[in-house]
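Asker: This one is work.cif, mmCIF, C-alpha atoms and all ligand atoms.
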data_start
#
loop_
_atom_site.group_PDB
_atom_site.id
_atom_site.type_symbol
_atom_site.label_atom_id
_atom_site.label_comp_id
_atom_site.auth_asym_id
_atom_site.auth_seq_id
_atom_site.Cartn_x
_atom_site.Cartn_y
_atom_site.Cartn_z
ATOM 1 C CA MET A 1 25.699 25.882 -24.983
ATOM 2 C CA ASP A 2 24.690 28.655 -22.565
ATOM 3 C CA LEU A 3 20.905 28.396 -22.354
ATOM 4 C CA GLY A 4 20.662 32.033 -21.235
ATOM 5 C CA ILE A 5 18.278 31.342 -18.343
ATOM 6 C CA ARG A 6 20.609 31.565 -15.328
ATOM 7 C CA GLY A 7 18.761 33.215 -12.422
ATOM 8 C CA LYS A 8 15.287 32.459 -13.785
ATOM 9 C CA ARG A 9 12.735 30.728 -11.549
ATOM 10 C CA ALA A 10 10.948 27.495 -12.509
ATOM 11 C CA LEU A 11 8.120 25.387 -11.139
ATOM 12 C CA VAL A 12 8.446 21.691 -12.030
ATOM 13 C CA THR A 13 5.583 19.528 -10.769
ATOM 14 C CA ALA A 14 5.785 15.774 -10.064
ATOM 15 C CA ALA A 15 9.564 16.039 -10.004
ATOM 16 C CA SER A 16 11.022 13.825 -7.266
ATOM 17 C CA LYS A 17 11.713 11.025 -9.774
ATOM 18 C CA GLY A 18 11.713 10.104 -13.434
ATOM 19 C CA LEU A 19 11.108 12.575 -16.246
ATOM 20 C CA GLY A 20 10.061 15.460 -13.977
ATOM 21 C CA ARG A 21 13.284 15.110 -12.028
ATOM 22 C CA GLY A 22 15.243 14.946 -15.298
ATOM 23 C CA CYS A 23 13.736 18.307 -16.295
ATOM 24 C CA ALA A 24 14.431 19.834 -12.859
ATOM 25 C CA GLU A 25 18.063 18.660 -12.957
ATOM 26 C CA ALA A 26 18.687 20.058 -16.436
ATOM 27 C CA LEU A 27 17.150 23.425 -15.518
ATOM 28 C CA ALA A 28 19.251 23.530 -12.334
ATOM 29 C CA GLU A 29 22.366 22.804 -14.388
ATOM 30 C CA ALA A 30 21.463 25.878 -16.472
ATOM 31 C CA GLY A 31 21.367 27.966 -13.268
ATOM 32 C CA VAL A 32 17.596 28.094 -12.759
ATOM 33 C CA ASP A 33 16.167 28.291 -9.203
ATOM 34 C CA LEU A 34 13.485 25.680 -8.647
ATOM 35 C CA VAL A 35 10.242 24.919 -6.913
ATOM 36 C CA ILE A 36 9.688 21.172 -7.173
ATOM 37 C CA ASN A 37 6.784 19.034 -6.058
ATOM 38 C CA ALA A 38 5.695 15.423 -5.490
ATOM 39 C CA ARG A 39 3.400 13.694 -2.989
ATOM 40 C CA GLY A 40 6.032 11.693 -1.100
ATOM 41 C CA ALA A 41 8.020 14.097 1.114
ATOM 42 C CA GLU A 42 11.021 11.858 1.717
ATOM 43 C CA ALA A 43 12.023 11.259 -1.929
ATOM 44 C CA LEU A 44 11.208 14.884 -2.744
ATOM 45 C CA GLU A 45 13.446 16.297 0.021
ATOM 46 C CA GLN A 46 16.251 13.969 -1.026
ATOM 47 C CA THR A 47 15.955 15.078 -4.667
ATOM 48 C CA ALA A 48 15.937 18.721 -3.585
ATOM 49 C CA ALA A 49 19.076 18.228 -1.472
ATOM 50 C CA GLU A 50 20.882 16.413 -4.300
ATOM 51 C CA ILE A 51 20.026 19.134 -6.845
ATOM 52 C CA ARG A 52 21.125 21.924 -4.454
ATOM 53 C CA ALA A 53 24.409 20.134 -3.783
ATOM 54 C CA ALA A 54 25.093 19.411 -7.458
ATOM 55 C CA HIS A 55 24.147 22.780 -8.965
ATOM 56 C CA GLY A 56 24.134 25.404 -6.191
ATOM 57 C CA VAL A 57 20.690 26.739 -7.090
ATOM 58 C CA GLU A 58 17.799 27.481 -4.718
ATOM 59 C CA VAL A 59 15.375 24.538 -4.513
ATOM 60 C CA THR A 60 12.054 24.788 -2.661
ATOM 61 C CA ALA A 61 10.298 21.439 -2.180
ATOM 62 C CA ILE A 62 6.534 21.277 -1.623
ATOM 63 C CA ALA A 63 5.081 17.852 -0.841
ATOM 64 C CA ALA A 64 1.502 17.852 -2.172
ATOM 65 C CA ASP A 65 -0.821 16.120 -4.597
ATOM 66 C CA ILE A 66 -0.701 18.427 -7.627
ATOM 67 C CA VAL A 67 -4.023 17.008 -8.864
ATOM 68 C CA SER A 68 -5.933 18.200 -5.770
ATOM 69 C CA ASP A 69 -7.150 21.795 -5.527
ATOM 70 C CA ALA A 70 -5.538 22.243 -2.098
ATOM 71 C CA GLY A 71 -2.223 20.698 -3.175
ATOM 72 C CA ARG A 72 -2.052 22.808 -6.315
ATOM 73 C CA ALA A 73 -2.883 25.985 -4.345
ATOM 74 C CA ALA A 74 -0.047 25.253 -1.871
ATOM 75 C CA VAL A 75 2.445 24.655 -4.685
ATOM 76 C CA LEU A 76 1.418 27.777 -6.599
ATOM 77 C CA GLU A 77 1.617 29.921 -3.470
ATOM 78 C CA ALA A 78 5.151 28.723 -2.740
ATOM 79 C CA ALA A 79 6.146 29.148 -6.380
ATOM 80 C CA GLY A 80 5.032 32.792 -6.671
ATOM 81 C CA ALA A 81 6.139 34.506 -9.887
ATOM 82 C CA VAL A 82 7.752 31.863 -12.085
ATOM 83 C CA ASP A 83 9.412 32.355 -15.472
ATOM 84 C CA ILE A 84 9.288 28.675 -16.404
ATOM 85 C CA LEU A 85 6.566 26.070 -15.790
ATOM 86 C CA VAL A 86 7.045 22.356 -16.451
ATOM 87 C CA THR A 87 3.821 20.420 -15.867
ATOM 88 C CA ASN A 88 3.839 16.736 -15.020
ATOM 89 C CA ALA A 89 1.777 14.256 -12.989
ATOM 90 C CA GLY A 90 1.534 10.498 -12.682
ATOM 91 C CA GLY A 91 0.119 8.591 -15.645
ATOM 92 C CA PRO A 92 -3.183 6.666 -15.574
ATOM 93 C CA PRO A 93 -3.365 2.898 -15.004
ATOM 94 C CA PRO A 94 -3.289 0.462 -17.949
ATOM 95 C CA GLY A 95 -6.313 -1.630 -18.996
ATOM 96 C CA ILE A 96 -8.537 -2.119 -22.024
ATOM 97 C CA TRP A 97 -11.193 0.124 -23.513
ATOM 98 C CA SER A 98 -14.096 -1.665 -21.818
ATOM 99 C CA ASP A 99 -12.554 -1.445 -18.301
ATOM 100 C CA TRP A 100 -13.175 2.189 -17.486
ATOM 101 C CA ASP A 101 -16.213 3.993 -16.155
ATOM 102 C CA ARG A 102 -16.976 7.693 -15.802
ATOM 103 C CA ALA A 103 -15.013 8.008 -12.535
ATOM 104 C CA ASP A 104 -11.883 6.543 -14.173
ATOM 105 C CA PHE A 105 -12.131 9.011 -17.048
ATOM 106 C CA ILE A 106 -12.695 11.947 -14.683
ATOM 107 C CA ALA A 107 -9.600 10.933 -12.682
ATOM 108 C CA ALA A 108 -7.470 10.729 -15.850
ATOM 109 C CA LEU A 109 -8.807 14.044 -17.146
ATOM 110 C CA ASP A 110 -8.096 15.653 -13.764
ATOM 111 C CA ALA A 111 -4.488 14.431 -13.659
ATOM 112 C CA ASN A 112 -3.410 14.668 -17.276
ATOM 113 C CA MET A 113 -5.546 17.442 -18.748
ATOM 114 C CA LEU A 114 -7.215 19.714 -16.186
ATOM 115 C CA THR A 115 -4.250 19.939 -13.777
ATOM 116 C CA PRO A 116 -1.766 21.192 -16.404
ATOM 117 C CA ILE A 117 -4.447 23.556 -17.709
ATOM 118 C CA ALA A 118 -5.044 24.949 -14.190
ATOM 119 C CA LEU A 119 -1.292 25.381 -13.677
ATOM 120 C CA MET A 120 -0.992 27.262 -16.978
ATOM 121 C CA GLN A 121 -3.994 29.450 -16.146
ATOM 122 C CA ALA A 122 -2.297 30.373 -12.857
ATOM 123 C CA CYS A 123 1.182 31.077 -14.271
ATOM 124 C CA LEU A 124 0.570 32.504 -17.753
ATOM 125 C CA PRO A 125 -0.814 35.945 -16.743
ATOM 126 C CA GLY A 126 2.362 36.845 -14.780
ATOM 127 C CA MET A 127 4.632 35.602 -17.574
ATOM 128 C CA MET A 128 2.682 37.660 -20.136
ATOM 129 C CA GLU A 129 2.837 40.757 -17.948
ATOM 130 C CA ARG A 130 6.613 40.368 -17.591
ATOM 131 C CA GLY A 131 6.982 39.712 -21.332
ATOM 132 C CA TRP A 132 8.814 36.367 -21.067
ATOM 133 C CA GLY A 133 7.858 32.841 -20.171
ATOM 134 C CA ARG A 134 8.321 29.201 -21.050
ATOM 135 C CA VAL A 135 5.866 26.346 -20.488
ATOM 136 C CA VAL A 136 6.636 22.705 -21.235
ATOM 137 C CA ASN A 137 3.973 20.052 -20.648
ATOM 138 C CA ILE A 138 5.107 16.452 -20.285
ATOM 139 C CA THR A 139 2.501 14.496 -22.249
ATOM 140 C CA SER A 140 3.076 11.192 -24.089
ATOM 141 C CA GLN A 141 3.715 9.538 -27.424
ATOM 142 C CA SER A 142 0.111 8.330 -27.007
ATOM 143 C CA VAL A 143 -0.933 11.721 -28.420
ATOM 144 C CA LYS A 144 0.679 10.858 -31.800
ATOM 145 C CA ALA A 145 -0.111 7.147 -31.874
ATOM 146 C CA PRO A 146 -2.516 5.515 -29.420
ATOM 147 C CA ILE A 147 -1.189 2.927 -26.961
ATOM 148 C CA ALA A 148 -3.794 0.164 -26.703
ATOM 149 C CA VAL A 149 -3.466 -0.413 -22.949
ATOM 150 C CA LEU A 150 -3.407 3.300 -22.131
ATOM 151 C CA GLY A 151 -6.812 4.447 -23.399
ATOM 152 C CA LEU A 152 -7.150 6.836 -20.462
ATOM 153 C CA SER A 153 -3.863 8.509 -21.432
ATOM 154 C CA ASN A 154 -4.776 8.541 -25.147
ATOM 155 C CA ALA A 155 -7.986 10.382 -24.275
ATOM 156 C CA ALA A 156 -6.901 12.841 -21.576
ATOM 157 C CA ARG A 157 -3.630 13.959 -23.147
ATOM 158 C CA THR A 158 -5.237 14.606 -26.511
ATOM 159 C CA GLY A 159 -7.561 17.062 -24.770
ATOM 160 C CA LEU A 160 -4.564 18.870 -23.275
ATOM 161 C CA THR A 161 -2.877 18.939 -26.681
ATOM 162 C CA GLY A 162 -5.885 20.678 -28.217
ATOM 163 C CA PHE A 163 -5.932 23.283 -25.443
ATOM 164 C CA VAL A 164 -2.227 23.988 -25.893
ATOM 165 C CA ALA A 165 -2.544 24.298 -29.678
ATOM 166 C CA GLY A 166 -5.046 27.129 -29.273
ATOM 167 C CA THR A 167 -3.530 28.797 -26.220
ATOM 168 C CA ALA A 168 0.107 28.821 -27.393
ATOM 169 C CA ARG A 169 -0.844 31.137 -30.262
ATOM 170 C CA GLN A 170 -2.625 33.528 -27.896
ATOM 171 C CA VAL A 171 0.264 34.003 -25.450
ATOM 172 C CA ALA A 172 3.163 34.035 -27.949
ATOM 173 C CA PRO A 173 2.732 37.775 -28.715
ATOM 174 C CA GLN A 174 3.740 38.461 -25.084
ATOM 175 C CA GLY A 175 6.999 36.459 -25.353
ATOM 176 C CA VAL A 176 5.571 33.313 -23.768
ATOM 177 C CA THR A 177 5.981 29.924 -25.442
ATOM 178 C CA ILE A 178 4.059 26.736 -24.673
ATOM 179 C CA ASN A 179 5.200 23.391 -26.078
ATOM 180 C CA ASN A 180 4.617 19.738 -25.263
ATOM 181 C CA LEU A 181 7.270 17.041 -24.900
ATOM 182 C CA LEU A 182 6.009 13.581 -25.844
ATOM 183 C CA PRO A 183 7.964 10.794 -24.162
ATOM 184 C CA GLY A 184 8.209 7.385 -25.723
ATOM 185 C CA ALA A 185 9.505 4.646 -23.444
ATOM 186 C CA HIS A 186 11.953 6.036 -20.866
ATOM 187 C CA ASP A 187 13.766 4.200 -18.134
ATOM 188 C CA THR A 188 11.826 5.293 -15.020
ATOM 189 C CA ASP A 189 9.738 3.725 -12.228
ATOM 190 C CA ARG A 190 6.674 4.167 -14.456
ATOM 191 C CA ILE A 191 8.095 2.002 -17.257
ATOM 192 C CA ASP A 192 9.221 -0.576 -14.653
ATOM 193 C CA ALA A 193 5.613 -0.827 -13.436
ATOM 194 C CA MET A 194 4.296 -1.131 -17.014
ATOM 195 C CA ASP A 195 6.870 -3.845 -17.790
ATOM 196 C CA ARG A 196 5.968 -5.736 -14.587
ATOM 197 C CA ALA A 197 2.274 -5.631 -15.571
ATOM 198 C CA ALA A 198 3.116 -6.879 -19.098
ATOM 199 C CA SER A 199 5.335 -9.626 -17.670
ATOM 200 C CA GLU A 200 2.452 -10.875 -15.486
ATOM 201 C CA SER A 201 -0.225 -10.646 -18.180
ATOM 202 C CA GLN A 202 1.960 -12.272 -20.877
ATOM 203 C CA GLY A 203 3.605 -14.879 -18.614
ATOM 204 C CA LYS A 204 7.082 -13.732 -19.696
ATOM 205 C CA SER A 205 10.092 -12.541 -17.706
ATOM 206 C CA ILE A 206 10.724 -8.799 -17.462
ATOM 207 C CA ALA A 207 13.927 -9.297 -19.490
ATOM 208 C CA GLU A 208 11.902 -10.955 -22.272
ATOM 209 C CA VAL A 209 9.305 -8.164 -22.205
ATOM 210 C CA ARG A 210 12.060 -5.548 -22.476
ATOM 211 C CA ALA A 211 13.951 -7.357 -25.230
ATOM 212 C CA ALA A 212 10.733 -7.517 -27.286
ATOM 213 C CA LYS A 213 10.056 -3.819 -26.685
ATOM 214 C CA PHE A 214 13.600 -2.798 -27.627
ATOM 215 C CA GLN A 215 13.082 -4.552 -30.990
ATOM 216 C CA THR A 216 10.242 -2.089 -31.709
ATOM 217 C CA ILE A 217 12.445 0.957 -30.999
ATOM 218 C CA PRO A 218 15.037 1.841 -33.678
ATOM 219 C CA ALA A 219 17.393 3.168 -30.949
ATOM 220 C CA ARG A 220 17.098 -0.350 -29.378
ATOM 221 C CA ARG A 221 16.849 1.007 -25.841
ATOM 222 C CA TYR A 222 14.740 3.141 -23.529
ATOM 223 C CA GLY A 223 15.434 6.864 -23.272
ATOM 224 C CA THR A 224 16.931 8.352 -20.123
ATOM 225 C CA ALA A 225 15.547 11.032 -17.838
ATOM 226 C CA ALA A 226 18.732 13.052 -18.454
ATOM 227 C CA GLU A 227 18.164 13.077 -22.233
ATOM 228 C CA PHE A 228 14.548 14.058 -21.680
ATOM 229 C CA GLY A 229 15.554 16.828 -19.255
ATOM 230 C CA ALA A 230 18.088 18.262 -21.717
ATOM 231 C CA ALA A 231 15.378 18.606 -24.381
ATOM 232 C CA CYS A 232 13.096 20.268 -21.827
ATOM 233 C CA ALA A 233 15.791 22.739 -20.762
ATOM 234 C CA PHE A 234 16.418 23.667 -24.402
ATOM 235 C CA LEU A 235 12.702 24.399 -24.904
ATOM 236 C CA CYS A 236 12.910 26.625 -21.797
ATOM 237 C CA SER A 237 16.011 28.431 -23.081
ATOM 238 C CA GLN A 238 16.470 31.829 -24.679
ATOM 239 C CA HIS A 239 17.183 30.025 -27.967
ATOM 240 C CA ALA A 240 13.732 28.439 -28.212
ATOM 241 C CA GLY A 241 11.617 31.599 -28.438
ATOM 242 C CA TYR A 242 10.443 30.775 -31.980
ATOM 243 C CA ILE A 243 9.240 27.260 -31.081
ATOM 244 C CA VAL A 244 5.531 27.767 -30.402
ATOM 245 C CA GLY A 245 2.777 25.220 -29.834
ATOM 246 C CA GLN A 246 4.824 22.219 -30.935
ATOM 247 C CA ASN A 247 4.594 18.567 -29.915
ATOM 248 C CA ILE A 248 8.086 17.127 -29.796
ATOM 249 C CA LEU A 249 8.395 13.365 -29.770
ATOM 250 C CA LEU A 250 11.288 11.754 -27.874
ATOM 251 C CA ASP A 251 10.869 8.071 -28.677
ATOM 252 C CA GLY A 252 14.067 6.685 -30.201
ATOM 253 C CA GLY A 253 12.263 6.508 -33.553
ATOM 254 C CA GLY A 254 9.581 4.171 -32.193
ATOM 255 C CA ILE A 255 6.655 5.769 -34.037
ATOM 256 C CA ASN A 256 7.143 5.016 -37.729
ATOM 257 C CA ALA A 257 5.961 8.231 -39.370
ATOM 258 C CA THR A 258 7.381 10.716 -41.881
ATOM 259 C CA LEU A 259 6.126 13.736 -39.895
HETATM 260 P P1 LIG B 301 7.649 8.121 -12.460
HETATM 261 O O1 LIG B 301 9.046 7.676 -12.672
HETATM 262 O O2 LIG B 301 6.664 7.184 -11.871
HETATM 263 O O3 LIG B 301 7.687 9.476 -11.610
HETATM 264 C C1 LIG B 301 6.516 10.160 -11.328
HETATM 265 C C2 LIG B 301 6.829 11.367 -10.469
HETATM 266 O O4 LIG B 301 5.624 12.110 -10.334
HETATM 267 C C3 LIG B 301 7.270 11.019 -9.062
HETATM 268 O O5 LIG B 301 8.148 12.010 -8.601
HETATM 269 C C4 LIG B 301 5.946 11.036 -8.283
HETATM 270 O O6 LIG B 301 6.181 11.224 -6.898
HETATM 271 C C5 LIG B 301 5.289 12.243 -8.951
HETATM 272 N N1 LIG B 301 3.826 12.258 -8.889
HETATM 273 C C6 LIG B 301 2.964 11.316 -9.344
HETATM 274 N N2 LIG B 301 1.702 11.682 -9.123
HETATM 275 C C7 LIG B 301 1.750 12.915 -8.534
HETATM 276 C C8 LIG B 301 0.769 13.814 -8.057
HETATM 277 N N3 LIG B 301 -0.540 13.526 -8.142
HETATM 278 N N4 LIG B 301 1.160 14.971 -7.487
HETATM 279 C C9 LIG B 301 2.465 15.278 -7.404
HETATM 280 N N5 LIG B 301 3.455 14.467 -7.831
HETATM 281 C C10 LIG B 301 3.088 13.288 -8.381
HETATM 282 O O7 LIG B 301 6.970 8.571 -13.861
HETATM 283 P P2 LIG B 301 7.674 9.037 -15.235
HETATM 284 O O8 LIG B 301 8.045 7.833 -16.013
HETATM 285 O O9 LIG B 301 8.686 10.086 -14.938
HETATM 286 O O10 LIG B 301 6.421 9.654 -16.001
HETATM 287 C C11 LIG B 301 6.076 11.013 -15.902
HETATM 288 C C12 LIG B 301 4.865 11.253 -16.804
HETATM 289 O O11 LIG B 301 5.230 10.926 -18.167
HETATM 290 C C13 LIG B 301 3.667 10.372 -16.452
HETATM 291 O O12 LIG B 301 2.479 11.079 -16.649
HETATM 292 C C14 LIG B 301 3.782 9.228 -17.457
HETATM 293 O O13 LIG B 301 2.534 8.623 -17.722
HETATM 294 C C15 LIG B 301 4.317 9.971 -18.674
HETATM 295 N N6 LIG B 301 5.002 9.057 -19.599
HETATM 296 C C16 LIG B 301 6.073 8.338 -19.215
HETATM 297 C C17 LIG B 301 6.692 7.484 -20.117
HETATM 298 C C18 LIG B 301 7.871 6.649 -19.718
HETATM 299 O O14 LIG B 301 8.283 5.790 -20.518
HETATM 300 N N7 LIG B 301 8.458 6.818 -18.560
HETATM 301 C C19 LIG B 301 6.205 7.383 -21.437
HETATM 302 C C20 LIG B 301 5.100 8.154 -21.805
HETATM 303 C C21 LIG B 301 4.509 8.995 -20.879
HETATM 304 P P3 LIG B 301 5.082 10.770 -5.787
HETATM 305 O O15 LIG B 301 4.625 9.401 -6.202
HETATM 306 O O16 LIG B 301 5.814 10.805 -4.502
HETATM 307 O O17 LIG B 301 3.990 11.785 -5.873
#
Let me see the structure of the file written as structure tokens.
Ligand code: NAP
Answerer:
Amino acid sequence: MDLGIRGKRALVTAASKGLGRGCAEALAEAGVDLVINARGAEALEQTAAEIRAAHGVEVTAIAADIVSDAGRAAVLEAAGAVDILVTNAGGPPPGIWSDWDRADFIAALDANMLTPIALMQACLPGMMERGWGRVVNITSQSVKAPIAVLGLSNAARTGLTGFVAGTARQVAPQGVTINNLLPGAHDTDRIDAMDRAASESQGKSIAEVRAAKFQTIPARRYGTAAEFGAACAFLCSQHAGYIVGQNILLDGGGINATL
């Protein structure tokens, strides 16, 4: 399917690896020029080079912490007028509800709620003026069903979801859509780290941890960054203009719910 976005310009944050990279790759395949970001310059430059070589699009790489004011300002300056914004950042650490103090909550809110909101506030006015725009926020299945060890994610991402629900309806009249993609378990460095932590705390091998998790997912596997990226690119396409303010779960059927 031609997504109808060849020649558009996208900013994808936290995109040297994992789900962010999956989104950047799928947009590049659709002919979109990219500005991508991550903190580590080496992996970021390598990703940029691989995407340029594979898809022949322009890729600008800005190494910066997207959660810091200075990092975000540098990324936004390099990005300029973008048609598409995909927000992403690292997820918070696991623990239990009694572990976290105010500073932990502020850090999670900064990364997973206030950073995507600041990015939207910077990019939405230009999109609205030009009469076309697409925003996809990478959030989590924890918004639909809480994950016990990820209380910081449960809390911060729900705040973002509320902001998007209200804002999406205010920018849609100008041809701008905002939607959230909710990953269930996907095969990335992040899930490796979570599985390693579970293996240590439960005294089981990583293979045993994974086998038990696969039993809870009807698809019996983790998702891939490529599958995730394809869904993101569709939401950014010309065909998705009537999808407004939605939360789309990509979890292999893991959350057992009718709606
Ligand atoms: P990942 O494989 O660990 O990749 C994270 C990417 O984000 C890397 O490119 C990393 O590069 C970059 N990054 C992290 N913090 C950053 C920051 N402050 N500024 C700029 N770039 C930053 O993670 P993932 O699995 O793709 O997860 C992406 C998001 O989805 C996370 O918020 C995660 O919690 C959420 N999620 C993932 C899953 C899953 O199963 N994978 C499920 C639910 C939710 P640098 O480290 O070099 O900065």
Asker: So how far away is atom CA of A:Thr258 from atom CA of A:Asn112, in Å?
Answerer: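 Taking atom CA of A:Asn112 and atom CA of A:Thr258, their separation equals 27.2 Å.
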Asker: Just how far from atom CA of A:Thr87 is atom CA of A:Glu227, in Å to one decimal?
Answerer: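 Computing the Euclidean distance for atom CA of A:Glu227 and atom CA of A:Thr87 yields 17.3 Å.
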Asker: To one decimal in Å, tell me the separation between atom CA of A:Asp33 and atom CA of A:Thr60.
Answerer: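 Atom-to-atom, atom CA of A:Asp33 and atom CA of A:Thr60 are spaced 8.5 Å apart.
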Asker: Show which residues sit within 10 Å of stretch 114-118 of chain A, as a PyMOL selection string. Count all atoms listed in the file, and ignore same-chain residues fewer than 2 positions away.
Answerer: chain A and resi 13+66-69+72+85-89+106-112+120-123+136-139+156-157+159-160+163-164
Asker: Using only C-alpha atoms, pick whichever of A:Ile255, A:Met128, A:Ala78, A:Leu152 has the shortest atom-to-atom distance to A:Ala103.
Answerer: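 Of A:Ile255, A:Met128, A:Ala78, A:Leu152, the one nearest A:Ala103, counting only C-alpha atoms, is A:Leu152.
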Asker: May I ask which of the residues A:Leu259, A:Ala49, A:Pro94, A:Ala168 is the closest one to A:Asp195, counting only C-alpha atoms?
Answerer: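 Between A:Leu259, A:Ala49, A:Pro94, A:Ala168, the residue approaching A:Asp195 most closely is A:Pro94.
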Asker: Residues contacting ligand LIG 301 (chain B) - anything with an atom at most 9 Å away, using only C-alpha atoms and all ligand atoms - can you give me those as a count of residues only?
Answerer: 58
Asker: Find, counting only C-alpha atoms, the residue in A:Arg210, A:His55, A:Arg102, A:Arg134 that gets nearest to A:Ala10.
Answerer: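 Ranked by minimum distance to A:Ala10, first place goes to A:Arg134.
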Asker: Quick one: residues within 10 Å of A:Met1, all atoms listed in the file, excluding same-chain residues fewer than 5 positions away - as a ChimeraX atom specification?
Answerer: /A:30,234,239
Asker: Leaving out A:Asp83 and any residue of its chain fewer than 3 positions from it, which residues lie within 10 Å of it when counting all atoms listed in the file, given as a PyMOL selection string?
Answerer: chain A and resi 5+7-11+32+80+123-124+126-128+130-135+176+236
Asker: Taking 4 positions as the minimum chain separation for residues in the same chain, which residues sit within 8 Å of A:Thr161 when counting all atoms listed in the file? Answer as a PDB file with C-alpha atoms, in the coordinates of the input.
Answerer:
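That gives us out.pdb:
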ATOM      1  CA  VAL A 143      -0.933  11.721 -28.420  1.00  0.00           C
ATOM      2  CA  ARG A 157      -3.630  13.959 -23.147  1.00  0.00           C
ATOM      3  CA  ALA A 165      -2.544  24.298 -29.678  1.00  0.00           C
ATOM      4  CA  ASN A 180       4.617  19.738 -25.263  1.00  0.00           C
TER       5      ASN A 180
END
Asker: Measuring between all atoms listed in the file, which one of A:Ala26, A:Ala198, A:Ala230, A:Ile96 shows the shortest distance to A:Gly151?
Answerer: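 Under the stated criterion, the closest residue is A:Ile96.
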